[in-house]
file coords-v9.cif (mmCIF, C-alpha atoms)
data_run
loop_
_atom_site.group_PDB
_atom_site.id
_atom_site.type_symbol
_atom_site.label_atom_id
_atom_site.label_comp_id
_atom_site.auth_asym_id
_atom_site.auth_seq_id
_atom_site.Cartn_x
_atom_site.Cartn_y
_atom_site.Cartn_z
ATOM 1 C CA VAL A 1057 -37.782 -82.482 -116.415
ATOM 2 C CA THR A 1058 -38.427 -81.431 -120.006
ATOM 3 C CA ILE A 1059 -36.211 -78.938 -121.831
ATOM 4 C CA ASP A 1060 -37.229 -77.723 -125.304
ATOM 5 C CA GLY A 1061 -39.482 -80.766 -125.701
ATOM 6 C CA ASP A 1062 -36.809 -83.317 -124.733
ATOM 7 C CA GLU A 1063 -37.757 -85.263 -121.625
ATOM 8 C CA LEU A 1064 -34.956 -85.976 -119.157
ATOM 9 C CA PHE A 1065 -35.617 -88.839 -116.742
ATOM 10 C CA SER A 1066 -33.786 -87.194 -113.873
ATOM 11 C CA PRO A 1067 -34.633 -85.582 -110.537
ATOM 12 C CA THR A 1068 -34.660 -81.815 -110.396
ATOM 13 C CA GLU A 1069 -31.162 -81.545 -108.923
ATOM 14 C CA ILE A 1070 -29.561 -81.699 -112.368
ATOM 15 C CA SER A 1071 -27.246 -79.593 -114.493
ATOM 16 C CA LYS A 1072 -27.520 -79.260 -118.241
ATOM 17 C CA LEU A 1073 -25.283 -77.556 -120.783
ATOM 18 C CA LEU A 1074 -27.461 -75.342 -122.985
ATOM 19 C CA SER A 1075 -26.791 -72.889 -125.761
ATOM 20 C CA ALA A 1076 -27.305 -69.183 -125.182
ATOM 21 C CA GLY A 1077 -30.827 -67.954 -125.774
ATOM 22 C CA THR A 1078 -34.365 -68.768 -124.631
ATOM 23 C CA HIS A 1079 -35.299 -72.310 -123.588
ATOM 24 C CA ASP A 1080 -38.617 -73.881 -122.604
ATOM 25 C CA VAL A 1081 -38.387 -75.691 -119.242
ATOM 26 C CA LYS A 1082 -41.126 -77.877 -117.790
ATOM 27 C CA LEU A 1083 -41.288 -79.813 -114.518
ATOM 28 C CA SER A 1084 -43.928 -82.481 -113.968
ATOM 29 C CA LYS A 1085 -44.783 -85.239 -111.503
ATOM 30 C CA ASN A 1086 -47.746 -87.586 -111.148
ATOM 31 C CA GLY A 1087 -50.365 -86.130 -108.841
ATOM 32 C CA TYR A 1088 -48.959 -82.595 -109.071
ATOM 33 C CA ASP A 1089 -49.600 -79.653 -111.331
ATOM 34 C CA VAL A 1090 -47.101 -78.738 -114.072
ATOM 35 C CA TRP A 1091 -44.567 -75.929 -113.759
ATOM 36 C CA LYS A 1092 -43.224 -74.413 -116.968
ATOM 37 C CA SER A 1093 -41.383 -71.276 -117.920
ATOM 38 C CA GLN A 1094 -39.144 -69.743 -120.564
ATOM 39 C CA VAL A 1095 -35.623 -69.353 -119.209
ATOM 40 C CA GLU A 1096 -33.098 -66.941 -120.704
ATOM 41 C CA ILE A 1097 -29.541 -68.311 -120.820
ATOM 42 C CA GLU A 1098 -26.544 -65.998 -121.227
ATOM 43 C CA ALA A 1099 -23.346 -67.296 -122.786
ATOM 44 C CA GLY A 1100 -20.671 -68.220 -120.252
ATOM 45 C CA LEU A 1101 -22.936 -67.773 -117.222
ATOM 46 C CA LEU A 1102 -24.444 -70.331 -114.839
ATOM 47 C CA THR A 1103 -28.208 -69.921 -114.545
ATOM 48 C CA LYS A 1104 -29.950 -71.516 -111.565
ATOM 49 C CA ILE A 1105 -33.668 -72.211 -111.358
ATOM 50 C CA THR A 1106 -34.543 -72.061 -107.675
ATOM 51 C CA TRP A 1107 -38.089 -70.715 -107.771
ATOM 52 C CA ALA A 1108 -39.884 -73.700 -109.342
ATOM 53 C CA ARG A 1109 -42.609 -75.289 -107.194
ATOM 54 C CA LEU A 1110 -45.043 -78.142 -107.841
ATOM 55 C CA PHE A 1111 -48.286 -78.273 -105.871
ATOM 56 C CA PRO A 1112 -50.579 -81.288 -105.377
ATOM 57 C CA ILE A 1113 -53.592 -81.364 -107.666
ATOM 58 C CA ASN A 1114 -55.768 -82.493 -104.751
ATOM 59 C CA PRO A 1115 -54.096 -80.982 -101.667
ATOM 60 C CA THR A 1116 -54.995 -82.081 -98.158
ATOM 61 C CA VAL A 1117 -55.114 -79.723 -95.207
ATOM 62 C CA ASP A 1118 -53.857 -80.814 -91.790
ATOM 63 C CA THR A 1119 -53.930 -78.994 -88.472
ATOM 64 C CA VAL A 1120 -50.358 -78.661 -87.259
ATOM 65 C CA ASP A 1121 -50.701 -76.249 -84.351
ATOM 66 C CA ILE A 1122 -53.552 -74.776 -82.301
ATOM 67 C CA HIS A 1123 -53.420 -71.608 -80.193
ATOM 68 C CA ASP A 1124 -56.180 -70.381 -77.908
ATOM 69 C CA LYS A 1125 -54.767 -66.858 -77.581
ATOM 70 C CA PRO A 1126 -53.981 -64.398 -80.388
ATOM 71 C CA LEU A 1127 -50.412 -64.383 -81.688
ATOM 72 C CA THR A 1128 -48.479 -61.173 -80.967
ATOM 73 C CA ILE A 1129 -45.345 -62.363 -82.789
ATOM 74 C CA THR A 1130 -45.197 -64.113 -86.179
ATOM 75 C CA SER A 1131 -41.986 -64.011 -88.218
ATOM 76 C CA PHE A 1132 -40.761 -66.210 -91.078
ATOM 77 C CA SER A 1133 -37.053 -66.836 -91.654
ATOM 78 C CA PRO A 1134 -35.479 -65.799 -94.997
ATOM 79 C CA SER A 1135 -35.407 -69.418 -96.187
ATOM 80 C CA ARG A 1136 -39.080 -69.880 -95.204
ATOM 81 C CA LYS A 1137 -38.034 -73.066 -93.414
ATOM 82 C CA ASN A 1138 -38.592 -71.630 -89.944
ATOM 83 C CA LEU A 1139 -41.343 -69.655 -88.252
ATOM 84 C CA ILE A 1140 -41.268 -67.920 -84.874
ATOM 85 C CA ILE A 1141 -44.521 -67.289 -83.020
ATOM 86 C CA ALA A 1142 -45.576 -66.147 -79.571
ATOM 87 C CA GLU A 1143 -48.984 -65.928 -77.972
ATOM 88 C CA ALA A 1144 -50.231 -62.838 -76.167
ATOM 89 C CA GLU A 1145 -48.842 -62.685 -72.607
ATOM 90 C CA SER A 1146 -46.559 -65.632 -73.328
ATOM 91 C CA GLU A 1147 -43.152 -65.853 -71.682
ATOM 92 C CA ASN A 1148 -41.728 -67.954 -74.529
ATOM 93 C CA LEU A 1149 -41.023 -67.919 -78.224
ATOM 94 C CA GLU A 1150 -41.829 -70.978 -80.320
ATOM 95 C CA LEU A 1151 -39.335 -71.732 -83.079
ATOM 96 C CA LEU A 1152 -41.106 -73.959 -85.617
ATOM 97 C CA ASN A 1153 -39.341 -75.937 -88.317
ATOM 98 C CA ILE A 1154 -41.964 -76.070 -91.074
ATOM 99 C CA GLN A 1155 -39.941 -77.580 -93.914
ATOM 100 C CA SER A 1156 -40.966 -81.164 -93.149
ATOM 101 C CA ASP A 1157 -44.398 -82.803 -93.045
ATOM 102 C CA LYS A 1158 -44.127 -83.193 -89.269
ATOM 103 C CA LEU A 1159 -43.902 -79.916 -87.385
ATOM 104 C CA LYS A 1160 -40.848 -79.537 -85.133
ATOM 105 C CA ALA A 1161 -41.002 -76.995 -82.323
ATOM 106 C CA LYS A 1162 -38.408 -75.526 -79.971
ATOM 107 C CA ILE A 1163 -39.318 -73.396 -76.948
ATOM 108 C CA ILE A 1164 -37.129 -70.345 -76.298
ATOM 109 C CA LYS A 1165 -37.715 -68.517 -73.010
ATOM 110 C CA PHE A 1166 -37.579 -64.733 -73.127
ATOM 111 C CA GLU A 1167 -35.745 -64.717 -69.786
ATOM 112 C CA ASP A 1168 -32.869 -66.670 -71.382
ATOM 113 C CA PHE A 1169 -31.842 -63.683 -73.507
ATOM 114 C CA ALA A 1170 -33.898 -60.652 -72.416
ATOM 115 C CA TYR A 1171 -32.675 -57.601 -70.548
ATOM 116 C CA ILE A 1172 -34.131 -57.722 -67.027
ATOM 117 C CA PRO A 1173 -33.521 -54.667 -64.793
ATOM 118 C CA SER A 1174 -32.083 -55.681 -61.425
ATOM 119 C CA GLU A 1175 -34.749 -53.746 -59.513
ATOM 120 C CA SER A 1176 -37.623 -55.309 -61.451
ATOM 121 C CA ASP A 1177 -39.496 -58.448 -60.468
ATOM 122 C CA ALA A 1178 -41.871 -58.298 -63.435
ATOM 123 C CA LYS A 1179 -41.791 -61.138 -65.948
ATOM 124 C CA VAL A 1180 -40.944 -60.334 -69.553
ATOM 125 C CA GLN A 1181 -43.710 -61.165 -72.016
ATOM 126 C CA SER A 1182 -44.226 -61.285 -75.755
ATOM 127 C CA ALA A 1183 -45.759 -57.795 -75.893
ATOM 128 C CA ASP A 1184 -42.350 -56.367 -74.920
ATOM 129 C CA PHE A 1185 -40.595 -57.771 -77.991
ATOM 130 C CA LYS A 1186 -40.453 -57.216 -81.737
ATOM 131 C CA ILE A 1187 -38.418 -59.300 -84.195
ATOM 132 C CA VAL A 1188 -36.711 -56.750 -86.430
ATOM 133 C CA SER A 1189 -34.872 -59.096 -88.792
ATOM 134 C CA TRP A 1190 -33.278 -62.521 -89.309
ATOM 135 C CA SER A 1191 -29.763 -63.416 -90.359
ATOM 136 C CA ASN A 1192 -29.722 -64.820 -93.891
ATOM 137 C CA ASN A 1193 -28.570 -68.226 -92.604
ATOM 138 C CA ASP A 1194 -31.587 -68.463 -90.231
ATOM 139 C CA SER A 1195 -29.327 -68.801 -87.172
ATOM 140 C CA LYS A 1196 -30.026 -65.484 -85.414
ATOM 141 C CA ILE A 1197 -32.738 -62.886 -84.961
ATOM 142 C CA LEU A 1198 -32.382 -59.209 -84.124
ATOM 143 C CA VAL A 1199 -34.905 -58.346 -81.407
ATOM 144 C CA ARG A 1200 -36.041 -54.995 -80.047
ATOM 145 C CA GLN A 1201 -37.201 -55.201 -76.420
ATOM 146 C CA GLN A 1202 -39.171 -52.344 -74.932
ATOM 147 C CA VAL A 1203 -38.085 -51.635 -71.358
ATOM 148 C CA GLY A 1204 -40.126 -48.758 -69.946
ATOM 149 C CA GLU A 1205 -39.379 -45.706 -72.082
ATOM 150 C CA SER A 1206 -36.206 -47.152 -73.584
ATOM 151 C CA ALA A 1207 -35.425 -49.974 -75.990
ATOM 152 C CA HIS A 1208 -32.867 -52.772 -75.827
ATOM 153 C CA TRP A 1209 -31.540 -54.330 -79.020
ATOM 154 C CA ILE A 1210 -30.540 -57.986 -78.668
ATOM 155 C CA LEU A 1211 -29.020 -60.364 -81.207
ATOM 156 C CA VAL A 1212 -30.502 -63.739 -80.265
ATOM 157 C CA ASN A 1213 -28.623 -66.936 -81.079
ATOM 158 C CA LEU A 1214 -31.418 -69.422 -81.819
ATOM 159 C CA SER A 1215 -29.314 -72.550 -81.331
ATOM 160 C CA ASP A 1216 -27.773 -71.367 -78.051
ATOM 161 C CA THR A 1217 -29.499 -68.422 -76.366
ATOM 162 C CA LYS A 1218 -26.620 -68.126 -73.878
ATOM 163 C CA LYS A 1219 -24.543 -66.772 -76.766
ATOM 164 C CA SER A 1220 -27.048 -63.977 -77.419
ATOM 165 C CA VAL A 1221 -25.679 -60.429 -77.326
ATOM 166 C CA ASP A 1222 -27.390 -57.446 -75.666
ATOM 167 C CA LEU A 1223 -26.027 -54.740 -77.969
ATOM 168 C CA THR A 1224 -27.571 -51.858 -76.010
ATOM 169 C CA THR A 1225 -25.931 -52.905 -72.738
ATOM 170 C CA ILE A 1226 -22.513 -53.684 -74.260
ATOM 171 C CA PHE A 1227 -22.146 -50.417 -76.188
ATOM 172 C CA ASN A 1228 -24.300 -48.202 -73.941
ATOM 173 C CA LYS A 1229 -25.898 -46.582 -76.985
ATOM 174 C CA ASN A 1230 -29.438 -45.425 -77.691
ATOM 175 C CA PHE A 1231 -29.776 -47.181 -81.045
ATOM 176 C CA THR A 1232 -32.501 -46.059 -83.432
ATOM 177 C CA GLN A 1233 -31.637 -48.480 -86.245
ATOM 178 C CA LEU A 1234 -29.590 -51.674 -86.552
ATOM 179 C CA LEU A 1235 -29.094 -53.562 -89.847
ATOM 180 C CA LEU A 1236 -27.392 -56.939 -90.223
ATOM 181 C CA ALA A 1237 -24.338 -56.549 -92.473
ATOM 182 C CA ASN A 1238 -23.613 -60.179 -93.465
ATOM 183 C CA ASP A 1239 -25.230 -63.625 -93.643
ATOM 184 C CA SER A 1240 -24.122 -64.735 -90.175
ATOM 185 C CA ALA A 1241 -24.924 -61.393 -88.465
ATOM 186 C CA SER A 1242 -21.365 -61.102 -87.176
ATOM 187 C CA LYS A 1243 -21.355 -57.460 -88.317
ATOM 188 C CA ILE A 1244 -24.107 -54.888 -87.885
ATOM 189 C CA TRP A 1245 -24.605 -51.357 -89.203
ATOM 190 C CA ALA A 1246 -25.635 -49.155 -86.277
ATOM 191 C CA LEU A 1247 -27.324 -45.761 -86.060
ATOM 192 C CA ALA A 1248 -27.371 -44.046 -82.662
ATOM 193 C CA GLU A 1249 -27.921 -40.360 -81.924
ATOM 194 C CA GLY A 1250 -27.316 -39.496 -85.582
ATOM 195 C CA GLU A 1251 -23.979 -41.335 -85.795
ATOM 196 C CA LEU A 1252 -23.397 -44.230 -88.203
ATOM 197 C CA THR A 1253 -20.955 -46.944 -87.102
ATOM 198 C CA GLU A 1254 -20.362 -50.649 -87.672
ATOM 199 C CA ILE A 1255 -20.419 -53.263 -84.904
ATOM 200 C CA ASN A 1256 -18.254 -56.392 -84.872
ATOM 201 C CA VAL A 1257 -20.400 -58.779 -82.839
ATOM 202 C CA GLU A 1258 -17.743 -61.450 -82.333
ATOM 203 C CA ASP A 1259 -15.152 -58.999 -80.998
ATOM 204 C CA LYS A 1260 -17.782 -56.784 -79.356
ATOM 205 C CA THR A 1261 -16.146 -53.703 -80.867
ATOM 206 C CA MET A 1262 -17.432 -50.663 -82.739
ATOM 207 C CA THR A 1263 -15.726 -48.697 -85.514
ATOM 208 C CA GLN A 1264 -15.051 -44.989 -85.455
ATOM 209 C CA VAL A 1265 -17.952 -42.816 -86.586
ATOM 210 C CA ILE A 1266 -18.507 -43.177 -90.337
ATOM 211 C CA ALA A 1267 -21.009 -40.312 -90.683
ATOM 212 C CA THR A 1268 -22.736 -37.808 -88.435
ATOM 213 C CA ASN A 1269 -26.230 -36.307 -88.364
ATOM 214 C CA VAL A 1270 -27.609 -39.340 -90.167
ATOM 215 C CA THR A 1271 -31.401 -39.657 -90.144
ATOM 216 C CA ARG A 1272 -31.911 -43.147 -91.590
ATOM 217 C CA ILE A 1273 -30.008 -46.021 -93.186
ATOM 218 C CA ALA A 1274 -30.587 -48.960 -95.531
ATOM 219 C CA ASN A 1275 -28.175 -51.651 -96.637
ATOM 220 C CA ASN A 1276 -27.297 -54.533 -98.893
ATOM 221 C CA GLN A 1277 -25.046 -56.452 -96.499
ATOM 222 C CA ASN A 1278 -21.590 -54.759 -96.525
ATOM 223 C CA THR A 1279 -22.847 -51.679 -98.407
ATOM 224 C CA VAL A 1280 -24.944 -49.130 -96.545
ATOM 225 C CA ALA A 1281 -26.879 -46.141 -97.875
ATOM 226 C CA TYR A 1282 -27.701 -43.298 -95.522
ATOM 227 C CA VAL A 1283 -29.306 -39.879 -95.484
ATOM 228 C CA ALA A 1284 -27.285 -37.089 -93.854
ATOM 229 C CA LYS A 1285 -27.169 -33.309 -93.855
ATOM 230 C CA SER A 1286 -24.627 -32.124 -96.389
ATOM 231 C CA THR A 1287 -23.169 -29.504 -94.013
ATOM 232 C CA ASP A 1288 -21.812 -32.287 -91.765
ATOM 233 C CA THR A 1289 -18.409 -33.854 -92.150
ATOM 234 C CA ILE A 1290 -18.540 -37.485 -93.193
ATOM 235 C CA LEU A 1291 -15.757 -39.676 -91.894
ATOM 236 C CA GLY A 1292 -14.557 -43.172 -92.551
ATOM 237 C CA ALA A 1293 -13.320 -43.234 -96.152
ATOM 238 C CA LYS A 1294 -9.529 -43.412 -96.124
ATOM 239 C CA THR A 1295 -6.982 -43.494 -98.936
ATOM 240 C CA ASP A 1296 -3.262 -43.790 -98.176
ATOM 241 C CA SER A 1297 -3.927 -42.848 -94.534
ATOM 242 C CA THR A 1298 -5.624 -39.599 -95.620
ATOM 243 C CA GLU A 1299 -9.085 -39.122 -94.222
ATOM 244 C CA ALA A 1300 -11.625 -38.171 -96.887
ATOM 245 C CA GLU A 1301 -14.049 -35.416 -95.892
ATOM 246 C CA ILE A 1302 -17.205 -34.220 -97.614
ATOM 247 C CA ASP A 1303 -18.512 -30.776 -96.693
ATOM 248 C CA ASP A 1304 -21.015 -29.141 -99.022
ATOM 249 C CA GLY A 1305 -21.136 -25.705 -97.457
ATOM 250 C CA ASP A 1306 -23.401 -23.968 -95.005
ATOM 251 C CA THR A 1307 -26.837 -24.806 -96.394
ATOM 252 C CA PRO A 1308 -28.343 -27.763 -94.482
ATOM 253 C CA THR A 1309 -29.899 -30.096 -97.067
ATOM 254 C CA ASN A 1310 -30.459 -33.821 -96.915
ATOM 255 C CA LYS A 1311 -28.280 -35.870 -99.248
ATOM 256 C CA ILE A 1312 -27.971 -39.610 -99.869
ATOM 257 C CA TYR A 1313 -24.592 -41.319 -99.587
ATOM 258 C CA ILE A 1314 -23.328 -44.853 -100.172
ATOM 259 C CA TYR A 1315 -20.640 -46.270 -97.880
ATOM 260 C CA ASN A 1316 -18.969 -49.446 -99.088
ATOM 261 C CA GLU A 1317 -16.624 -51.705 -97.136
ATOM 262 C CA GLY A 1318 -14.517 -53.950 -99.378
ATOM 263 C CA GLU A 1319 -13.382 -57.464 -98.509
ATOM 264 C CA ASP A 1320 -9.784 -56.189 -98.427
ATOM 265 C CA GLY A 1321 -10.661 -53.627 -95.751
ATOM 266 C CA SER A 1322 -10.876 -50.695 -98.161
ATOM 267 C CA THR A 1323 -13.720 -48.187 -97.789
ATOM 268 C CA ALA A 1324 -15.391 -45.671 -100.078
ATOM 269 C CA ILE A 1325 -18.118 -43.037 -99.872
ATOM 270 C CA VAL A 1326 -20.191 -42.031 -102.910
ATOM 271 C CA GLU A 1327 -22.622 -39.133 -102.915
ATOM 272 C CA LEU A 1328 -25.838 -39.825 -104.854
ATOM 273 C CA GLY A 1329 -27.362 -36.360 -104.443
ATOM 274 C CA ASP A 1330 -30.471 -34.911 -102.861
#

call {"tool": "encode", "arguments": {"input": "coords-v9.cif", "output": "structure tokens"}}
result
Amino acid sequence: VTIDGDELFSPTEISKLLSAGTHDVKLSKNGYDVWKSQVEIEAGLLTKITWARLFPINPTVDTVDIHDKPLTITSFSPSRKNLIIAEAESENLELLNIQSDKLKAKIIKFEDFAYIPSESDAKVQSADFKIVSWSNNDSKILVRQQVGESAHWILVNLSDTKKSVDLTTIFNKNFTQLLLANDSASKIWALAEGELTEINVEDKTMTQVIATNVTRIANNQNTVAYVAKSTDTILGAKTDSTEAEIDDGDTPTNKIYIYNEGEDGSTAIVELGD
């Protein structure tokens, strides 16, 4: 590690007190290319360098997995340490740990977490499933399973599939969108039939309706943005036990709102406009 021309004989897991301003940082290792960048340091703030990577000058390519059939499912985890794949017509998912030189694989059967109608004797296959998202800690995946004309949304626990949760069956809702609201996926923003709510996965409970006539949602964990018609009443924001309502008249126009849930349980709605 070299900082501003001074070489530090240390591994990369180091901390260094630097003055505010721009500093030249270089990482080098025998047999690998050199990584260097100018890093801006702000006074009083901790700056982490997590994006640096060194690649072999003469890389070797190894075959780690071979599949005869096309893959219908491929999904990387947020950390890029895990990969889930499934072949066409397969009845299993393969969870691959790709962070080490030796590939580690775990087989997860669809039947261990899938919704299977009681009157059906058909086997569930990879074509029925889509991985919508991962939890930020890589422990769970949100899966959408197509069952005939309807869809089932399932939160799959990758370490113990018996702890997976069929959200559609539990809440008997026709969900159109589900967004994970925290790192562990214990809370989920839910949109069903135009109504925005929040699901507590651990308690298997759902909040009162936060907003109605919502067409789509997006989130940054515990803050959700949604599009709703301004003529509809928006519920959920409370101050001193008084329910806040937003009603912009009789003209139906789409507006964007932000709903924030604080760590202390407080809530707030902010209108961003058309």

call {"tool": "resolve_selection", "arguments": {"input": "coords-v9.cif", "expression": "the PyMOL selection byres ((chain A and resi 1254) around 7)", "output": "PDB file with C-alpha atoms, keeping the file's coordinate frame"}}
result
ATOM      1  CA  LYS A1243     -21.355 -57.460 -88.317  1.00  0.00           C
ATOM      2  CA  ILE A1244     -24.107 -54.888 -87.885  1.00  0.00           C
ATOM      3  CA  TRP A1245     -24.605 -51.357 -89.203  1.00  0.00           C
ATOM      4  CA  ALA A1246     -25.635 -49.155 -86.277  1.00  0.00           C
ATOM      5  CA  THR A1253     -20.955 -46.944 -87.102  1.00  0.00           C
ATOM      6  CA  ILE A1255     -20.419 -53.263 -84.904  1.00  0.00           C
ATOM      7  CA  ASN A1256     -18.254 -56.392 -84.872  1.00  0.00           C
ATOM      8  CA  MET A1262     -17.432 -50.663 -82.739  1.00  0.00           C
ATOM      9  CA  THR A1263     -15.726 -48.697 -85.514  1.00  0.00           C
TER      10      THR A1263
END

call {"tool": "resolve_selection", "arguments": {"input": "coords-v9.cif", "expression": "the PyMOL selection byres ((chain A and resi 1125) around 8)", "output": "list in words"}}
result
His1123, Asp1124, Pro1126, Leu1127, Glu1143 and Ala1144 of chain A

call {"tool": "resolve_selection", "arguments": {"input": "coords-v9.cif", "expression": "the PyMOL selection byres ((chain A and resi 1193) around 7)", "output": "ChimeraX atom specification"}}
result
/A:1191-1192,1194-1195,1239-1240

call {"tool": "residues_around", "arguments": {"input": "coords-v9.cif", "residues": "Gly1204 of chain A", "least_positions_apart": "3", "cutoff": "12 Å", "atoms": "all atoms listed in the file", "output": "NGL selection string"}}
result
:A and (1171-1173 or 1176 or 1178 or 1180 or 1184 or 1201 or 1207-1208)

call {"tool": "closest_residue", "arguments": {"input": "coords-v9.cif", "among": "A:Asn1114, A:Asn1275, A:Ser1146, A:Thr1106", "to": "Ala1237 of chain A", "atoms": "only C-alpha atoms"}}
result
A:Asn1275

call {"tool": "atom_distance", "arguments": {"input": "coords-v9.cif", "atom1": "atom CA of Glu1258 of chain A", "atom2": "atom CA of Gln1181 of chain A"}}
result
27.9 Å

call {"tool": "closest_residue", "arguments": {"input": "coords-v9.cif", "among": "A:Ala1142, A:Ala1248, A:Val1095, A:Leu1198", "to": "Ala1183 of chain A", "atoms": "all atoms listed in the file"}}
result
A:Ala1142

call {"tool": "closest_residue", "arguments": {"input": "coords-v9.cif", "among": "A:Ala1267, A:Leu1083, A:Ile1197, A:Ile1314", "to": "Glu1063 of chain A", "atoms": "all atoms listed in the file"}}
result
A:Leu1083

call {"tool": "atom_distance", "arguments": {"input": "coords-v9.cif", "atom1": "atom CA of Ala1284 of chain A", "atom2": "atom CA of Thr1232 of chain A"}}
result
14.7 Å

call {"tool": "closest_atom_pairs", "arguments": {"input": "coords-v9.cif", "of": "segment 1198-1282 of chain A", "to": "segment 1187-1190 of chain A", "cutoff": "8 Å", "atoms": "only C-alpha atoms", "output": "tab-separated table"}}
result
residue	atom	partner	partner_atom	distance
A:Leu1198	CA	A:Ser1189	CA	5.3
A:Val1199	CA	A:Ile1187	CA	4.6
A:Arg1200	CA	A:Ile1187	CA	6.4
A:Leu1236	CA	A:Ser1189	CA	7.9

call {"tool": "residues_around", "arguments": {"input": "coords-v9.cif", "residues": "segment 1076-1079 of chain A", "least_positions_apart": "5", "cutoff": "8 Å", "atoms": "only C-alpha atoms", "output": "VMD selection string"}}
result
chain A and resid 1059 to 1060 1094 to 1099

call {"tool": "residues_near_point", "arguments": {"input": "coords-v9.cif", "point": "(-37.3, -66.5, -74.6)", "cutoff": "9 Å", "atoms": "all atoms listed in the file", "output": "PyMOL selection string"}}
result
chain A and resi 1147-1150+1163-1170+1180-1182+1217

call {"tool": "write_last_selection", "arguments": {"input": "coords-v9.cif", "atoms": "C-alpha atoms", "output": "mmCIF file, in the frame of the given file"}}
result
data_model
loop_
_atom_site.group_PDB
_atom_site.id
_atom_site.type_symbol
_atom_site.label_atom_id
_atom_site.label_comp_id
_atom_site.auth_asym_id
_atom_site.auth_seq_id
_atom_site.Cartn_x
_atom_site.Cartn_y
_atom_site.Cartn_z
ATOM 1 C CA GLU A 1147 -43.152 -65.853 -71.682
ATOM 2 C CA ASN A 1148 -41.728 -67.954 -74.529
ATOM 3 C CA LEU A 1149 -41.023 -67.919 -78.224
ATOM 4 C CA GLU A 1150 -41.829 -70.978 -80.320
ATOM 5 C CA ILE A 1163 -39.318 -73.396 -76.948
ATOM 6 C CA ILE A 1164 -37.129 -70.345 -76.298
ATOM 7 C CA LYS A 1165 -37.715 -68.517 -73.010
ATOM 8 C CA PHE A 1166 -37.579 -64.733 -73.127
ATOM 9 C CA GLU A 1167 -35.745 -64.717 -69.786
ATOM 10 C CA ASP A 1168 -32.869 -66.670 -71.382
ATOM 11 C CA PHE A 1169 -31.842 -63.683 -73.507
ATOM 12 C CA ALA A 1170 -33.898 -60.652 -72.416
ATOM 13 C CA VAL A 1180 -40.944 -60.334 -69.553
ATOM 14 C CA GLN A 1181 -43.710 -61.165 -72.016
ATOM 15 C CA SER A 1182 -44.226 -61.285 -75.755
ATOM 16 C CA THR A 1217 -29.499 -68.422 -76.366
#

call {"tool": "atom_distance", "arguments": {"input": "coords-v9.cif", "atom1": "atom CA of Lys1196 of chain A", "atom2": "atom CA of Leu1252 of chain A"}}
result
22.4 Å

call {"tool": "closest_residue", "arguments": {"input": "coords-v9.cif", "among": "A:Ala1241, A:Val1081, A:Leu1211, A:Val1203", "to": "Gln1277 of chain A", "atoms": "all atoms listed in the file"}}
result
A:Ala1241

call {"tool": "closest_residue", "arguments": {"input": "coords-v9.cif", "among": "A:Asn1269, A:Ser1206, A:Asn1086, A:Asn1276", "to": "Thr1224 of chain A", "atoms": "all atoms listed in the file"}}
result
A:Ser1206

call {"tool": "closest_residue", "arguments": {"input": "coords-v9.cif", "among": "A:Arg1136, A:Lys1260, A:Lys1092, A:Lys1085", "to": "Ile1113 of chain A", "atoms": "all atoms listed in the file"}}
result
A:Lys1085

call {"tool": "residues_around", "arguments": {"input": "coords-v9.cif", "residues": "segment 1154-1158 of chain A", "least_positions_apart": "5", "cutoff": "9 Å", "atoms": "all atoms listed in the file", "output": "ChimeraX atom specification"}}
result
/A:1120,1136-1139
